[in-house]
Amino acid sequence: MTTTLRPDGLPAPSTAFESAVVDFIVDLFEAYPTWGTSSGYHRVDGRWPDLTAAGRQSRLAMLRTHASRLAAFSHEGLSADERVDRDILLEEIEKVIFSEEVLRAEAWDPLELVYLMAGGLFDLLSREFAPWAERGASLLARLEGLPLLSKLALVGLTGLPDRPVGLLQLDTALGQLAGVSELVDDALAEARRRAEAGEAPELVAPMAAAAAAAHASLEDFRSGLDGDVRKRAAGEGRLGRELFARKLRFTLGSELTPEEIRRRAWADYHAVRAEMVRLAREVWSAWIPDEPLPDVPEGDEAAAAALVRRVLDAIGAKHQQPDGLLAFCEAEIERISGFVRERGLLSLPEEPLSITWTPVFLRAAARAFLDSPGPLDRGQRSHFWITPPDDGLPADELESYLREENDAALRTLSIHEGIPGHYLQLAASNTCSSLARTVFTNGMFAEGWAVYITQVMYDAGYAADDPGFALQHWKLYLRATVNTILDVETHTGEMTEDEAMALMVEGAWQERDEARGKWLRARISSTQLSTYFVGSLEMWDLDLEVRRRLAQAAGAGAEAVPAMHIRGGLGDSPGFDQRAHLERVISYGTPPVKWCRALVLRDLEGEIEAGIPARARAEAGT
């Protein structure tokens, strides 16, 4: 069925509930215009959010009004899908209210404000969703609004009674602020380039004036951060046990407690380390052929760790130079696509993908990203970003960076960020008709899928001819468990840098350069690092449940599905079609995994009751 679109790109509603959802989305994007731009709602592209106290109160009132309106719909008066979407929206509104009323990052985290400024410009430059005259006019308006935005941002950076301005966040913001200035220059350069081609030459003069004023305001912002704001920057940015637990519930869309996810992460940490010792023994001769396999006495953890480190060091030595990283990943995406196509694992997306360096303003956040177009920007380009090593790194630190991003690691990275990871999943998500499940993308679903599907690719035999891939694969899963431990311990305990580095370098065999970056990330962010591990747990829990129900329906019994050793490795199960399951999971958008689970199991039970799986097996001759 073809969806009729309104002039603003939103779907034309056909029910009272759909009207309420569209009305909410419009008001949301009007209140958060950079969110609107990134989602593909371009009627707000020239504006910034109101950072005054009155603006915040207006947003809170709007959110509560729409919460009341959505909550008023009776269960009986909604379709099954609408009931799920209503509950998702009510949870998301609660999450935004928590952010505005309790967390209030704009009052104590200067880095959030740098992300706001940079993102508001970057999203207008990075995709050609409209003619340049239109995008350029919006960029001009945002550049003209930047002086007021930066002034209000400084005024609001007072800290909160229980959370003073974070010193680390302040210093990191100062380091990333050059990325905003770079985007201002890019906007002016793009205006001039377009004018030379005959496009909107009238924009050049006002863009030049606005760029000059924007640069001056950014310098004032820098001076303010380094002056008055620094004087009151006494915080660490650690949320503490209670606030972290509250934020975690919203981030995960789950009731799992920090204590429970930490317990499960430690359990997998120990299991994966044991598996890596086994694998290191297997591939020792392939990587260190001139030395006999060392004798590791049972229970000698230090000797076992040293054995794994020796093999990982040999694998890490096979790496690209900085100028070869992008080309390697481009070629790897092609190899992966061929494998997925040949095995019939999933349908491949048609949307364009570029592999480029991470924008400067985001380089402190992670080593790699997938930046997907918003759900209303149909057919636009996705960006697979790789963060390059810093210019001027000492030789030993550059080598540490490259050893961590070795060839085997880049192969797993290309799966995670590209195909069949984030790029494929988010492209599929954007075809979902539900605004609730596409505008509000759940990070745990997205990261959980990327970790889960990497295991699926490993189980399917991808890179089976690469003797370093298996060990590297489990090293990266081990990183996911350590991310969770680091996240919880940093924000609910008092983990020190020495403890964090020991956990990552000695416990998870990471290079020191990677570990230093992750220690920074753990302190300038919160709850996001838990999404990889917890999301993958819930994806595998769903996979197992579907297999068991289908095995039961096939008459084999749920016990026909084996228990997992760590994750994956299940092979074939009676009645289970892996491609059908994978494509079903990503067909519902990017909701919290609990809602995806509800939708998957609901539709699966309907098919089982109708005999569809049995008929499909009969037609296939099985």
# chains A, B, ... in the order shown; residues from 1 in each chain; ligands from 1

$ residues_around --residues "Gly156 of chain A" --least-positions-apart "6" --cutoff "12 Å" --atoms "only C-alpha atoms" --output "list in words"
Asp50, Leu51, Thr52, Ala53, Arg56, Arg104, Ala105, Glu106, Ala107, Trp108, Asp109, Pro110, Leu113, Leu149, Ser150, Val165, Gly224, Leu225, Asp228 and Val229 of chain A

$ closest_atom_pairs --of "segment 277-365 of chain A" --to "segment 123-130 of chain A" --cutoff "12 Å" --atoms "only C-alpha atoms" --output "CSV"
residue,atom,partner,partner_atom,distance
A:Pro352,CA,A:Arg127,CA,10.9
A:Leu353,CA,A:Arg127,CA,11.4
A:Ser354,CA,A:Ser126,CA,10.9
A:Thr356,CA,A:Ser126,CA,11.7
A:Pro359,CA,A:Ser126,CA,10.5

$ select_by_dssp --residues "segment 457-611 of chain A" --states "helix (DSSP H, G or I)" --output "CSV table (one decimal) with N, CA, C and O atoms, in the first residue's frame"
chain,number,residue,atom,x,y,z
A,457,MET,N,27.1,-13.6,11.1
A,457,MET,CA,28.1,-13.7,10.0
A,457,MET,C,29.2,-14.6,10.4
A,457,MET,O,29.6,-15.4,9.5
A,458,TYR,N,29.7,-14.6,11.6
A,458,TYR,CA,30.7,-15.5,12.0
A,458,TYR,C,30.3,-16.9,11.9
A,458,TYR,O,30.9,-17.8,11.4
A,459,ASP,N,29.0,-17.2,12.4
A,459,ASP,CA,28.5,-18.5,12.4
A,459,ASP,C,28.3,-19.0,11.0
A,459,ASP,O,28.3,-20.2,10.7
A,469,PHE,N,40.6,-14.0,12.1
A,469,PHE,CA,39.2,-13.4,12.3
A,469,PHE,C,38.5,-13.9,13.5
A,469,PHE,O,37.8,-13.1,14.2
A,470,ALA,N,38.5,-15.2,13.8
A,470,ALA,CA,37.8,-15.8,14.9
A,470,ALA,C,38.2,-15.1,16.2
A,470,ALA,O,37.4,-14.7,17.0
A,471,LEU,N,39.5,-15.1,16.4
A,471,LEU,CA,40.0,-14.5,17.7
A,471,LEU,C,39.7,-13.0,17.8
A,471,LEU,O,39.3,-12.5,18.8
A,472,GLN,N,39.8,-12.3,16.6
A,472,GLN,CA,39.4,-10.9,16.6
A,472,GLN,C,38.0,-10.7,16.9
A,472,GLN,O,37.5,-9.7,17.6
A,473,HIS,N,37.2,-11.5,16.3
A,473,HIS,CA,35.7,-11.5,16.5
A,473,HIS,C,35.4,-11.5,18.0
A,473,HIS,O,34.6,-10.7,18.5
A,474,TRP,N,35.9,-12.5,18.7
A,474,TRP,CA,35.6,-12.7,20.1
A,474,TRP,C,36.3,-11.6,20.9
A,474,TRP,O,35.7,-11.2,22.0
A,475,LYS,N,37.4,-11.0,20.5
A,475,LYS,CA,38.0,-9.9,21.2
A,475,LYS,C,37.0,-8.7,21.1
A,475,LYS,O,36.8,-8.0,22.1
A,476,LEU,N,36.3,-8.5,20.0
A,476,LEU,CA,35.4,-7.4,19.9
A,476,LEU,C,34.1,-7.6,20.7
A,476,LEU,O,33.5,-6.7,21.2
A,477,TYR,N,33.7,-8.9,20.8
A,477,TYR,CA,32.6,-9.2,21.7
A,477,TYR,C,33.0,-9.0,23.1
A,477,TYR,O,32.2,-8.5,24.0
A,478,LEU,N,34.2,-9.4,23.5
A,478,LEU,CA,34.7,-9.1,24.8
A,478,LEU,C,34.7,-7.6,25.1
A,478,LEU,O,34.4,-7.2,26.2
A,479,ARG,N,35.1,-6.8,24.1
A,479,ARG,CA,35.0,-5.3,24.3
A,479,ARG,C,33.6,-4.9,24.6
A,479,ARG,O,33.4,-4.0,25.4
A,480,ALA,N,32.6,-5.5,24.0
A,480,ALA,CA,31.2,-5.1,24.4
A,480,ALA,C,30.9,-5.4,25.8
A,480,ALA,O,30.2,-4.6,26.5
A,481,THR,N,31.4,-6.5,26.3
A,481,THR,CA,31.1,-6.8,27.8
A,481,THR,C,31.9,-5.8,28.6
A,481,THR,O,31.3,-5.3,29.6
A,482,VAL,N,33.1,-5.5,28.3
A,482,VAL,CA,33.9,-4.5,29.0
A,482,VAL,C,33.3,-3.1,29.0
A,482,VAL,O,33.3,-2.4,29.9
A,483,ASN,N,32.7,-2.8,27.8
A,483,ASN,CA,32.1,-1.5,27.7
A,483,ASN,C,31.0,-1.4,28.8
A,483,ASN,O,30.8,-0.3,29.4
A,484,THR,N,30.2,-2.4,29.0
A,484,THR,CA,29.2,-2.4,30.0
A,484,THR,C,29.7,-2.3,31.4
A,484,THR,O,29.2,-1.4,32.2
A,485,ILE,N,30.7,-3.1,31.7
A,485,ILE,CA,31.3,-3.0,33.0
A,485,ILE,C,31.9,-1.6,33.3
A,485,ILE,O,31.7,-1.0,34.3
A,486,LEU,N,32.5,-1.1,32.3
A,486,LEU,CA,33.1,0.3,32.4
A,486,LEU,C,32.1,1.3,32.6
A,486,LEU,O,32.2,2.2,33.4
A,487,ASP,N,31.0,1.2,31.8
A,487,ASP,CA,29.9,2.2,31.9
A,487,ASP,C,29.3,2.2,33.3
A,487,ASP,O,29.1,3.2,34.0
A,488,VAL,N,28.9,1.0,33.8
A,488,VAL,CA,28.3,0.9,35.1
A,488,VAL,C,29.2,1.3,36.2
A,488,VAL,O,28.9,2.1,37.1
A,489,GLU,N,30.5,0.8,36.2
A,489,GLU,CA,31.4,1.1,37.3
A,489,GLU,C,31.8,2.6,37.3
A,489,GLU,O,32.1,3.1,38.4
A,490,THR,N,31.9,3.2,36.1
A,490,THR,CA,32.3,4.6,36.1
A,490,THR,C,31.3,5.5,36.7
A,490,THR,O,31.6,6.4,37.4
A,491,HIS,N,30.0,5.2,36.4
A,491,HIS,CA,28.9,6.1,36.8
A,491,HIS,C,28.2,5.7,38.1
A,491,HIS,O,27.5,6.5,38.7
A,492,THR,N,28.4,4.5,38.6
A,492,THR,CA,27.7,4.1,39.8
A,492,THR,C,28.7,3.8,40.9
A,492,THR,O,28.4,3.7,42.1
A,497,GLU,N,41.2,5.5,36.7
A,497,GLU,CA,41.8,5.3,35.4
A,497,GLU,C,42.7,4.1,35.4
A,497,GLU,O,42.6,3.3,34.5
A,498,ASP,N,43.4,3.8,36.5
A,498,ASP,CA,44.3,2.6,36.5
A,498,ASP,C,43.4,1.4,36.4
A,498,ASP,O,43.8,0.4,35.8
A,499,GLU,N,42.3,1.4,37.2
A,499,GLU,CA,41.4,0.2,37.1
A,499,GLU,C,40.8,0.0,35.8
A,499,GLU,O,40.7,-1.2,35.3
A,500,ALA,N,40.4,1.1,35.2
A,500,ALA,CA,39.8,1.0,33.8
A,500,ALA,C,40.8,0.5,32.8
A,500,ALA,O,40.5,-0.4,32.0
A,501,MET,N,42.0,1.1,32.8
A,501,MET,CA,43.0,0.7,31.9
A,501,MET,C,43.4,-0.8,32.1
A,501,MET,O,43.6,-1.5,31.1
A,502,ALA,N,43.5,-1.3,33.3
A,502,ALA,CA,43.8,-2.7,33.6
A,502,ALA,C,42.8,-3.6,33.0
A,502,ALA,O,43.0,-4.6,32.4
A,503,LEU,N,41.5,-3.2,33.2
A,503,LEU,CA,40.4,-4.0,32.7
A,503,LEU,C,40.5,-4.1,31.2
A,503,LEU,O,40.3,-5.2,30.6
A,504,MET,N,40.7,-3.0,30.5
A,504,MET,CA,40.7,-3.0,29.1
A,504,MET,C,42.0,-3.6,28.5
A,504,MET,O,42.0,-4.4,27.5
A,505,VAL,N,43.2,-3.2,29.0
A,505,VAL,CA,44.4,-3.6,28.4
A,505,VAL,C,44.8,-5.0,28.8
A,505,VAL,O,45.2,-5.9,28.0
A,506,GLU,N,44.7,-5.3,30.1
A,506,GLU,CA,45.1,-6.6,30.6
A,506,GLU,C,44.0,-7.6,30.5
A,506,GLU,O,44.1,-8.8,30.1
A,507,GLY,N,42.8,-7.2,30.8
A,507,GLY,CA,41.6,-8.1,30.9
A,507,GLY,C,41.0,-8.3,29.5
A,507,GLY,O,40.6,-9.5,29.2
A,512,ARG,N,46.7,0.2,24.2
A,512,ARG,CA,46.5,1.3,25.2
A,512,ARG,C,45.9,2.5,24.5
A,512,ARG,O,45.1,3.2,25.2
A,513,ASP,N,46.1,2.8,23.2
A,513,ASP,CA,45.5,3.9,22.6
A,513,ASP,C,44.0,3.8,22.5
A,513,ASP,O,43.2,4.7,22.8
A,514,GLU,N,43.5,2.6,22.2
A,514,GLU,CA,42.0,2.3,22.2
A,514,GLU,C,41.5,2.5,23.6
A,514,GLU,O,40.4,3.1,23.8
A,515,ALA,N,42.2,1.9,24.6
A,515,ALA,CA,41.7,2.0,26.0
A,515,ALA,C,41.6,3.4,26.5
A,515,ALA,O,40.7,3.8,27.2
A,516,ARG,N,42.6,4.2,26.1
A,516,ARG,CA,42.6,5.7,26.6
A,516,ARG,C,41.4,6.4,26.0
A,516,ARG,O,40.7,7.1,26.7
A,517,GLY,N,41.1,6.1,24.7
A,517,GLY,CA,39.9,6.7,24.1
A,517,GLY,C,38.6,6.2,24.7
A,517,GLY,O,37.7,7.0,24.9
A,518,LYS,N,38.6,5.0,25.1
A,518,LYS,CA,37.3,4.4,25.7
A,518,LYS,C,37.2,5.0,27.1
A,518,LYS,O,36.0,5.2,27.6
A,519,TRP,N,38.3,5.2,27.9
A,519,TRP,CA,38.2,5.8,29.2
A,519,TRP,C,37.6,7.2,29.1
A,519,TRP,O,36.8,7.6,29.9
A,520,LEU,N,38.0,7.9,28.1
A,520,LEU,CA,37.5,9.2,27.9
A,520,LEU,C,36.0,9.1,27.6
A,520,LEU,O,35.1,9.8,28.2
A,521,ARG,N,35.6,8.2,26.7
A,521,ARG,CA,34.2,8.1,26.3
A,521,ARG,C,33.4,7.7,27.4
A,521,ARG,O,32.2,8.1,27.5
A,522,ALA,N,33.8,6.8,28.3
A,522,ALA,CA,33.0,6.4,29.4
A,522,ALA,C,32.7,7.5,30.4
A,522,ALA,O,31.6,7.5,31.0
A,523,ARG,N,33.6,8.5,30.4
A,523,ARG,CA,33.3,9.7,31.3
A,523,ARG,C,32.6,10.8,30.7
A,523,ARG,O,31.9,11.6,31.4
A,524,ILE,N,32.6,10.9,29.4
A,524,ILE,CA,31.9,12.0,28.7
A,524,ILE,C,30.5,11.6,28.2
A,524,ILE,O,29.7,12.4,27.7
A,528,GLN,N,25.2,4.7,27.1
A,528,GLN,CA,25.3,4.3,25.7
A,528,GLN,C,26.3,3.1,25.6
A,528,GLN,O,26.0,2.2,24.8
A,529,LEU,N,27.3,3.0,26.4
A,529,LEU,CA,28.3,1.9,26.3
A,529,LEU,C,27.7,0.6,26.7
A,529,LEU,O,28.2,-0.4,26.3
A,530,SER,N,26.6,0.6,27.4
A,530,SER,CA,25.9,-0.6,27.8
A,530,SER,C,25.0,-1.2,26.7
A,530,SER,O,24.6,-2.3,26.8
A,531,THR,N,24.7,-0.4,25.7
A,531,THR,CA,23.7,-0.8,24.7
A,531,THR,C,24.2,-2.0,23.8
A,531,THR,O,23.4,-2.8,23.4
A,532,TYR,N,25.5,-2.1,23.6
A,532,TYR,CA,26.0,-3.1,22.7
A,532,TYR,C,25.8,-4.5,23.3
A,532,TYR,O,25.2,-5.4,22.6
A,533,PHE,N,26.2,-4.7,24.5
A,533,PHE,CA,26.1,-6.0,25.1
A,533,PHE,C,24.7,-6.3,25.5
A,533,PHE,O,24.2,-7.4,25.1
A,534,VAL,N,24.0,-5.4,26.1
A,534,VAL,CA,22.6,-5.7,26.5
A,534,VAL,C,21.7,-5.9,25.3
A,534,VAL,O,20.9,-6.8,25.3
A,535,GLY,N,21.9,-5.1,24.3
A,535,GLY,CA,21.1,-5.3,23.1
A,535,GLY,C,21.4,-6.6,22.4
A,535,GLY,O,20.4,-7.3,22.0
A,536,SER,N,22.6,-7.1,22.4
A,536,SER,CA,22.9,-8.4,21.8
A,536,SER,C,22.3,-9.5,22.6
A,536,SER,O,21.8,-10.5,22.1
A,537,LEU,N,22.3,-9.4,24.0
A,537,LEU,CA,21.6,-10.4,24.8
A,537,LEU,C,20.2,-10.5,24.5
A,537,LEU,O,19.7,-11.6,24.3
A,538,GLU,N,19.5,-9.4,24.3
A,538,GLU,CA,18.1,-9.4,24.1
A,538,GLU,C,17.8,-9.9,22.6
A,538,GLU,O,16.8,-10.6,22.4
A,539,MET,N,18.7,-9.6,21.7
A,539,MET,CA,18.5,-10.1,20.3
A,539,MET,C,18.6,-11.7,20.3
A,539,MET,O,17.9,-12.4,19.7
A,540,TRP,N,19.6,-12.2,21.1
A,540,TRP,CA,19.8,-13.6,21.1
A,540,TRP,C,18.7,-14.3,21.9
A,540,TRP,O,18.2,-15.4,21.6
A,541,ASP,N,18.2,-13.7,23.0
A,541,ASP,CA,17.0,-14.2,23.7
A,541,ASP,C,15.8,-14.4,22.7
A,541,ASP,O,15.1,-15.4,22.8
A,542,LEU,N,15.6,-13.4,21.9
A,542,LEU,CA,14.5,-13.4,20.9
A,542,LEU,C,14.7,-14.5,19.9
A,542,LEU,O,13.8,-15.3,19.6
A,543,ASP,N,16.0,-14.6,19.4
A,543,ASP,CA,16.3,-15.6,18.4
A,543,ASP,C,16.0,-17.0,19.0
A,543,ASP,O,15.4,-17.9,18.3
A,544,LEU,N,16.4,-17.3,20.2
A,544,LEU,CA,16.2,-18.6,20.8
A,544,LEU,C,14.7,-18.8,21.0
A,544,LEU,O,14.2,-20.0,20.8
A,545,GLU,N,13.9,-17.8,21.4
A,545,GLU,CA,12.5,-18.0,21.7
A,545,GLU,C,11.8,-18.3,20.3
A,545,GLU,O,10.9,-19.2,20.3
A,546,VAL,N,12.2,-17.7,19.3
A,546,VAL,CA,11.6,-18.0,18.0
A,546,VAL,C,11.9,-19.4,17.5
A,546,VAL,O,11.0,-20.1,17.1
A,547,ARG,N,13.2,-19.8,17.7
A,547,ARG,CA,13.6,-21.1,17.3
A,547,ARG,C,12.8,-22.2,18.1
A,547,ARG,O,12.3,-23.2,17.5
A,548,ARG,N,12.6,-21.9,19.4
A,548,ARG,CA,11.9,-22.9,20.2
A,548,ARG,C,10.4,-23.0,19.8
A,548,ARG,O,9.9,-24.1,19.8
A,549,ARG,N,9.8,-21.9,19.5
A,549,ARG,CA,8.4,-22.0,19.2
A,549,ARG,C,8.2,-22.7,17.8
A,549,ARG,O,7.2,-23.4,17.6
A,550,LEU,N,9.1,-22.4,16.9
A,550,LEU,CA,9.0,-23.0,15.6
A,550,LEU,C,9.3,-24.5,15.7
A,550,LEU,O,8.7,-25.3,15.0
A,551,ALA,N,10.3,-24.9,16.5
A,551,ALA,CA,10.6,-26.3,16.7
A,551,ALA,C,9.4,-27.0,17.3
A,551,ALA,O,9.1,-28.2,16.9
A,552,GLN,N,8.7,-26.4,18.3
A,552,GLN,CA,7.5,-26.9,18.9
A,552,GLN,C,6.5,-27.1,17.8
A,552,GLN,O,5.8,-28.2,17.7
A,553,ALA,N,6.3,-26.1,17.0
A,553,ALA,CA,5.3,-26.2,15.9
A,553,ALA,C,5.6,-27.2,14.9
A,553,ALA,O,4.7,-27.8,14.3
A,558,ALA,N,10.7,-28.0,21.8
A,558,ALA,CA,11.6,-26.9,22.1
A,558,ALA,C,13.0,-27.4,22.4
A,558,ALA,O,14.0,-26.7,22.1
A,559,GLU,N,13.1,-28.6,22.9
A,559,GLU,CA,14.4,-29.1,23.3
A,559,GLU,C,15.3,-29.4,22.1
A,559,GLU,O,16.5,-29.7,22.3
A,560,ALA,N,14.8,-29.4,20.9
A,560,ALA,CA,15.6,-29.6,19.7
A,560,ALA,C,16.5,-28.4,19.4
A,560,ALA,O,17.4,-28.5,18.6
A,578,GLN,N,16.3,-18.7,8.9
A,578,GLN,CA,17.1,-17.6,9.4
A,578,GLN,C,16.8,-16.3,8.7
A,578,GLN,O,16.7,-15.2,9.3
A,579,ARG,N,16.8,-16.3,7.4
A,579,ARG,CA,16.6,-15.0,6.6
A,579,ARG,C,15.2,-14.5,7.0
A,579,ARG,O,15.1,-13.2,7.2
A,580,ALA,N,14.2,-15.3,7.1
A,580,ALA,CA,12.9,-14.8,7.4
A,580,ALA,C,12.9,-14.1,8.8
A,580,ALA,O,12.3,-13.1,9.0
A,581,HIS,N,13.6,-14.7,9.7
A,581,HIS,CA,13.7,-14.2,11.1
A,581,HIS,C,14.4,-12.8,11.1
A,581,HIS,O,13.9,-11.8,11.6
A,582,LEU,N,15.6,-12.8,10.4
A,582,LEU,CA,16.4,-11.6,10.4
A,582,LEU,C,15.6,-10.4,9.8
A,582,LEU,O,15.6,-9.3,10.3
A,583,GLU,N,14.9,-10.7,8.6
A,583,GLU,CA,14.2,-9.6,8.0
A,583,GLU,C,13.0,-9.2,8.7
A,583,GLU,O,12.5,-8.1,8.7
A,584,ARG,N,12.4,-10.2,9.5
A,584,ARG,CA,11.2,-9.8,10.3
A,584,ARG,C,11.7,-8.8,11.4
A,584,ARG,O,11.0,-7.8,11.6
A,585,VAL,N,12.8,-9.1,12.0
A,585,VAL,CA,13.3,-8.3,13.2
A,585,VAL,C,13.5,-6.9,12.7
A,585,VAL,O,13.1,-5.9,13.5
A,586,ILE,N,14.1,-6.7,11.5
A,586,ILE,CA,14.4,-5.3,11.1
A,586,ILE,C,13.2,-4.6,10.4
A,586,ILE,O,13.4,-3.5,9.9
A,587,SER,N,12.1,-5.3,10.2
A,587,SER,CA,11.0,-4.7,9.5
A,587,SER,C,10.1,-3.8,10.3
A,587,SER,O,9.3,-3.1,9.8
A,588,TYR,N,10.3,-3.8,11.7
A,588,TYR,CA,9.5,-3.0,12.6
A,588,TYR,C,10.0,-1.7,12.9
A,588,TYR,O,9.6,-1.1,13.9
A,593,VAL,N,14.0,-3.2,22.1
A,593,VAL,CA,13.9,-4.6,21.8
A,593,VAL,C,12.7,-5.3,22.3
A,593,VAL,O,12.1,-6.2,21.7
A,594,LYS,N,12.2,-4.9,23.5
A,594,LYS,CA,11.1,-5.5,24.1
A,594,LYS,C,9.8,-5.4,23.2
A,594,LYS,O,9.0,-6.3,23.2
A,595,TRP,N,9.7,-4.2,22.5
A,595,TRP,CA,8.6,-4.0,21.6
A,595,TRP,C,8.8,-4.8,20.3
A,595,TRP,O,7.8,-5.3,19.8
A,596,CYS,N,10.0,-4.9,19.8
A,596,CYS,CA,10.3,-5.7,18.7
A,596,CYS,C,9.9,-7.1,19.0
A,596,CYS,O,9.3,-7.8,18.2
A,597,ARG,N,10.3,-7.6,20.2
A,597,ARG,CA,10.0,-9.0,20.6
A,597,ARG,C,8.5,-9.2,20.6
A,597,ARG,O,8.0,-10.2,20.1
A,598,ALA,N,7.7,-8.2,21.2
A,598,ALA,CA,6.3,-8.4,21.2
A,598,ALA,C,5.7,-8.5,19.8
A,598,ALA,O,4.8,-9.3,19.6
A,599,LEU,N,6.2,-7.7,18.9
A,599,LEU,CA,5.7,-7.7,17.5
A,599,LEU,C,6.1,-9.0,16.8
A,599,LEU,O,5.3,-9.6,16.1
A,600,VAL,N,7.3,-9.4,17.0
A,600,VAL,CA,7.8,-10.6,16.3
A,600,VAL,C,7.0,-11.8,16.8
A,600,VAL,O,6.5,-12.6,16.0
A,601,LEU,N,6.8,-12.0,18.1
A,601,LEU,CA,6.1,-13.1,18.6
A,601,LEU,C,4.6,-13.1,18.3
A,601,LEU,O,4.0,-14.2,18.1
A,602,ARG,N,4.1,-11.9,18.3
A,602,ARG,CA,2.6,-11.8,17.9
A,602,ARG,C,2.4,-12.3,16.5
A,602,ARG,O,1.5,-13.1,16.2
A,603,ASP,N,3.2,-11.8,15.6
A,603,ASP,CA,3.0,-12.2,14.2
A,603,ASP,C,3.4,-13.6,13.9
A,603,ASP,O,2.8,-14.3,13.1
A,604,LEU,N,4.4,-14.1,14.6
A,604,LEU,CA,4.8,-15.5,14.5
A,604,LEU,C,3.7,-16.5,15.0
A,604,LEU,O,3.4,-17.4,14.3
A,605,GLU,N,3.1,-16.1,16.1
A,605,GLU,CA,2.0,-17.0,16.6
A,605,GLU,C,0.9,-17.0,15.7
A,605,GLU,O,0.2,-18.0,15.5
A,606,GLY,N,0.6,-15.9,15.0
A,606,GLY,CA,-0.5,-15.8,14.1
A,606,GLY,C,-0.2,-16.7,12.9
A,606,GLY,O,-1.1,-17.4,12.4
A,607,GLU,N,1.1,-16.8,12.4
A,607,GLU,CA,1.4,-17.6,11.3
A,607,GLU,C,1.4,-19.1,11.7
A,607,GLU,O,0.9,-19.9,10.9
A,608,ILE,N,1.8,-19.4,13.0
A,608,ILE,CA,1.8,-20.8,13.4
A,608,ILE,C,0.3,-21.2,13.5
A,608,ILE,O,0.0,-22.4,13.1
A,609,GLU,N,-0.5,-20.4,14.0
A,609,GLU,CA,-2.0,-20.8,14.2
A,609,GLU,C,-2.6,-21.0,12.8
A,609,GLU,O,-3.4,-21.9,12.6
A,610,ALA,N,-2.1,-20.2,11.8
A,610,ALA,CA,-2.7,-20.3,10.5
A,610,ALA,C,-2.0,-21.4,9.7
A,610,ALA,O,-2.4,-21.7,8.5

$ select_by_dssp --residues "segment 184-414 of chain A" --states "strand (DSSP E or B)" --output "VMD selection string"
chain A and resid 235 353 to 357 368 to 371 382 to 386

$ atom_distance --atom1 "atom CA of Gly179 of chain A" --atom2 "atom CA of Val114 of chain A"
8.8 Å

$ closest_residue --among "A:Arg281, A:Arg86, A:Arg309, A:Arg163" --to "Leu239 of chain A" --atoms "only C-alpha atoms"
A:Arg163

$ residues_around --residues "Gly55 of chain A" --least-positions-apart "3" --cutoff "12 Å" --atoms "only C-alpha atoms" --output "count of residues only"
15

$ residues_around --residues "segment 404-409 of chain A" --least-positions-apart "2" --cutoff "10 Å" --atoms "only C-alpha atoms" --output "number ranges by chain"
A: 312-313, 315-322, 325, 328-329, 332, 367, 399-402, 411-414, 463, 466-473, 475-476, 509-515

$ residues_around --residues "Ser138 of chain A" --least-positions-apart "3" --cutoff "10 Å" --atoms "only C-alpha atoms" --output "ChimeraX atom specification"
/A:42-47,121,124,132-135,141-144

$ atom_distance --atom1 "atom CA of Ser382 of chain A" --atom2 "atom CA of Asn442 of chain A"
17.9 Å

$ closest_residue --among "A:Ala314, A:Leu63, A:Val102, A:Ile453" --to "Lys247 of chain A" --atoms "only C-alpha atoms"
A:Val102

$ residues_around --residues "Ser347 of chain A" --least-positions-apart "2" --cutoff "10 Å" --atoms "only C-alpha atoms" --output "number ranges by chain"
A: 337, 340-341, 344-345, 349-350, 420, 424, 428, 579, 582-583

$ residues_around --residues "Ser181 of chain A" --least-positions-apart "6" --cutoff "9 Å" --atoms "only C-alpha atoms" --output "PDB file with N, CA and C atoms, in the first residue's frame"
ATOM      1  N   ALA A 118      27.283  21.931  16.000  1.00  0.00           N
ATOM      2  CA  ALA A 118      27.879  21.259  14.849  1.00  0.00           C
ATOM      3  C   ALA A 118      26.838  20.436  14.088  1.00  0.00           C
ATOM      4  N   ALA A 214      29.599  34.426  12.865  1.00  0.00           N
ATOM      5  CA  ALA A 214      29.586  33.125  13.546  1.00  0.00           C
ATOM      6  C   ALA A 214      30.958  32.814  14.126  1.00  0.00           C
ATOM      7  N   HIS A 215      32.023  33.077  13.366  1.00  0.00           N
ATOM      8  CA  HIS A 215      33.373  32.843  13.878  1.00  0.00           C
ATOM      9  C   HIS A 215      33.640  33.693  15.120  1.00  0.00           C
ATOM     10  N   LEU A 218      31.814  32.202  18.017  1.00  0.00           N
ATOM     11  CA  LEU A 218      32.467  30.969  18.491  1.00  0.00           C
ATOM     12  C   LEU A 218      33.716  31.287  19.296  1.00  0.00           C
TER      13      LEU A 218
END

$ closest_residue --among "A:Ala178, A:Ala436, A:Ala271, A:Leu243" --to "Glu18 of chain A" --atoms "only C-alpha atoms"
A:Ala436

$ closest_residue --among "A:Ala233, A:Met117, A:Ala508, A:Leu146" --to "Pro164 of chain A" --atoms "only C-alpha atoms"
A:Ala233

$ atom_distance --atom1 "atom CA of Ala173 of chain A" --atom2 "atom CA of Trp35 of chain A"
20.6 Å
